[in-house]
Amino acid sequence: MSVATLRKDASPAPVVSLRGVSVRFVTERGAVTALHDIDLDVEDGGFLTLLGPSGCGKSTLLRVVSDLLPPSAGAVRVLGVPPAVARGRRDIGFVFQDSTLLPWRSALQNVELPLAVGGGGARPGRRTPRELLALVGLGGWENALPHELSGGMRQRVAIARALVNDPKLLLMDEPFGALDEITRDRLNEELLRIWEETGATILFVTHSIYEAAFLGQKVLLLAARPGRVREIVDVPLPNPRHIALRETPAFVDLVAHLRRVLEAC
Ligand SMILES: Nc1ncnc2c1ncn2[C@@H]1O[C@H](COP(=O)(O)OP(=O)(O)O)[C@@H](O)[C@H]1O
Ligand SMILES: [Mg+2]
């Protein structure tokens, strides 16, 4: 069991807190322990990447944090309250691997959608959908339909949509996994800029060692069967980060360490 504490200088109350969290699925072929006894704290403004082999429970962990799945055991708090309450306050944004945009709605209308669904209770000082499209680099594309956009642009729209309620917590499940490497590198850099500009706390799932190392202030390494915390690594890289950082010895050493731990999982 390990406890990750991000940004020690920030407010002491963690944005995400898990204690003894386990998730078991009972299927026709028997029971699967997707997560076993997870303890985790993610501090305000932290950027935690979750790295591990397929099936180690990464998506399950995000689903538990976002109230899509109740844990079989243990306690989950988001901003000090149960995930359902945080979700009801629209404090949680979610981005999936597939952008899940509505094909008949423009980029701007897709970003506006959560406002319409939620009854439009605006928060003061919140960025408008148009401003969010500019934030993700899509100024001028407001009226484009999803099929007119590249895969990377559709994911940018999905990020803008996830930010429309100005959530304090952004959960991202392999959001760039289906993109080509060059697009992915660019979106990695831009995501760090968006993280800085919004001040959101981010949990980001990936199975790319490079992506986990480049984005995270901490990397949570998970082992499979049962899904459990293998190690929490402090990322000793400076901020702000640019892609060229990946050629530095510190980055290469970090990747080698993460790879060794994963191989031992
Ligand atoms: N709804 C479900 N029913 C049964 N088993 C599930 C369900 N969701 C996930 N699992 C199992 O739980 C384990 C972890 O899955 P998942 O969280 O999707 O892993 P990851 O995202 O790391 O690839 C896997 O063994 C998977 O088959
Ligand atoms: Mg997954």
# chains A, B, ... in the order shown; residues from 1 in each chain; ligands from 1
>>> residues_near_ligand(ligand="ligand 2", cutoff="12 Å", atoms="only C-alpha atoms and all ligand atoms", output="list in words")
Ala34, Leu50, Leu51, Gly52, Pro53, Ser54, Gly55, Cys56, Gly57, Lys58, Ser59, Thr60, Leu61, Leu62, Arg63, Phe96, Gln97, Asp98, Met172, Asp173, Glu174, Pro175, Gly177, Phe204, Val205, Thr206, His207 and Gly227 of chain A
>>> residues_around(residues="segment 209-220 of chain A", least_positions_apart="4", cutoff="6 Å", atoms="only C-alpha atoms", output="ChimeraX atom specification")
/A:47-50,232-235
>>> write_last_selection(atoms="N, CA and C atoms", output="PDB file, in the first residue's frame")
ATOM      1  N   PHE A  47      -1.024  16.337 -11.184  1.00  0.00           N
ATOM      2  CA  PHE A  47      -1.182  15.633 -12.458  1.00  0.00           C
ATOM      3  C   PHE A  47      -0.616  14.244 -12.246  1.00  0.00           C
ATOM      4  N   LEU A  48      -1.519  13.267 -12.107  1.00  0.00           N
ATOM      5  CA  LEU A  48      -1.117  11.887 -11.863  1.00  0.00           C
ATOM      6  C   LEU A  48      -1.373  11.070 -13.121  1.00  0.00           C
ATOM      7  N   THR A  49      -0.345  10.371 -13.597  1.00  0.00           N
ATOM      8  CA  THR A  49      -0.579   9.440 -14.697  1.00  0.00           C
ATOM      9  C   THR A  49      -0.648   8.031 -14.139  1.00  0.00           C
ATOM     10  N   LEU A  50      -1.585   7.241 -14.676  1.00  0.00           N
ATOM     11  CA  LEU A  50      -1.755   5.846 -14.268  1.00  0.00           C
ATOM     12  C   LEU A  50      -1.241   4.973 -15.391  1.00  0.00           C
ATOM     13  N   ILE A 232       4.667   4.297  -6.682  1.00  0.00           N
ATOM     14  CA  ILE A 232       4.322   5.667  -7.068  1.00  0.00           C
ATOM     15  C   ILE A 232       5.629   6.426  -7.223  1.00  0.00           C
ATOM     16  N   VAL A 233       5.861   6.919  -8.424  1.00  0.00           N
ATOM     17  CA  VAL A 233       7.150   7.516  -8.758  1.00  0.00           C
ATOM     18  C   VAL A 233       6.993   9.028  -8.843  1.00  0.00           C
ATOM     19  N   ASP A 234       7.832   9.759  -8.112  1.00  0.00           N
ATOM     20  CA  ASP A 234       7.907  11.211  -8.262  1.00  0.00           C
ATOM     21  C   ASP A 234       8.662  11.513  -9.544  1.00  0.00           C
ATOM     22  N   VAL A 235       8.097  12.364 -10.381  1.00  0.00           N
ATOM     23  CA  VAL A 235       8.768  12.676 -11.645  1.00  0.00           C
ATOM     24  C   VAL A 235       9.721  13.848 -11.424  1.00  0.00           C
TER      25      VAL A 235
END
>>> closest_residue(among="A:Val15, A:Leu115, A:Ala31, A:Ala134", to="ligand 1", atoms="only C-alpha atoms and all ligand atoms")
A:Ala31
>>> closest_residue(among="A:Leu101, A:Ala162, A:Val64, A:Leu138", to="ligand 1", atoms="only C-alpha atoms and all ligand atoms")
A:Val64
>>> select_by_dssp(residues="segment 136-248 of chain A", states="strand (DSSP E or B)", output="MDAnalysis selection string")
chainID A and resid 169:173 201:206 218:223 228:234
>>> closest_residue(among="A:Val252, A:Ala178, A:Val32, A:Ala160", to="ligand 1", atoms="only C-alpha atoms and all ligand atoms")
A:Val32
>>> residues_around(residues="segment 131-133 of chain A", least_positions_apart="6", cutoff="12 Å", atoms="only C-alpha atoms", output="VMD selection string")
chain A and resid 106 to 112 125 139 to 144 153 to 166 194 197 to 198
>>> closest_residue(among="A:Leu254, A:Val136, A:Ala84, A:Leu69", to="Leu191 of chain A", atoms="only C-alpha atoms")
A:Val136
>>> closest_residue(among="A:Leu245, A:Ser99, A:Leu18, A:Val229", to="Leu179 of chain A", atoms="only C-alpha atoms")
A:Ser99
>>> select_by_dssp(residues="segment 106-224 of chain A", states="helix (DSSP H, G or I)", output="VMD selection string")
chain A and resid 107 to 117 129 to 135 146 to 148 151 to 162 181 to 198 209 to 215
>>> residues_around(residues="Ala244 of chain A", least_positions_apart="5", cutoff="12 Å", atoms="only C-alpha atoms", output="MDAnalysis selection string")
chainID A and resid 185:186 189 214 249:252
>>> write_last_selection(atoms="C-alpha atoms", output="mmCIF file, in the first residue's frame")
data_model
loop_
_atom_site.group_PDB
_atom_site.id
_atom_site.type_symbol
_atom_site.label_atom_id
_atom_site.label_comp_id
_atom_site.auth_asym_id
_atom_site.auth_seq_id
_atom_site.Cartn_x
_atom_site.Cartn_y
_atom_site.Cartn_z
ATOM 1 C CA ASP A 185 3.179 14.618 -28.932
ATOM 2 C CA ARG A 186 1.573 17.929 -29.800
ATOM 3 C CA GLU A 189 2.375 19.528 -24.794
ATOM 4 C CA PHE A 214 6.193 13.296 -19.896
ATOM 5 C CA PRO A 249 19.251 12.103 -19.562
ATOM 6 C CA ALA A 250 16.782 12.678 -16.709
ATOM 7 C CA PHE A 251 13.884 11.666 -18.942
ATOM 8 C CA VAL A 252 15.704 8.659 -20.375
#
>>> closest_residue(among="A:Leu135, A:Val85, A:Leu40, A:Leu113", to="Glu196 of chain A", atoms="only C-alpha atoms")
A:Leu135
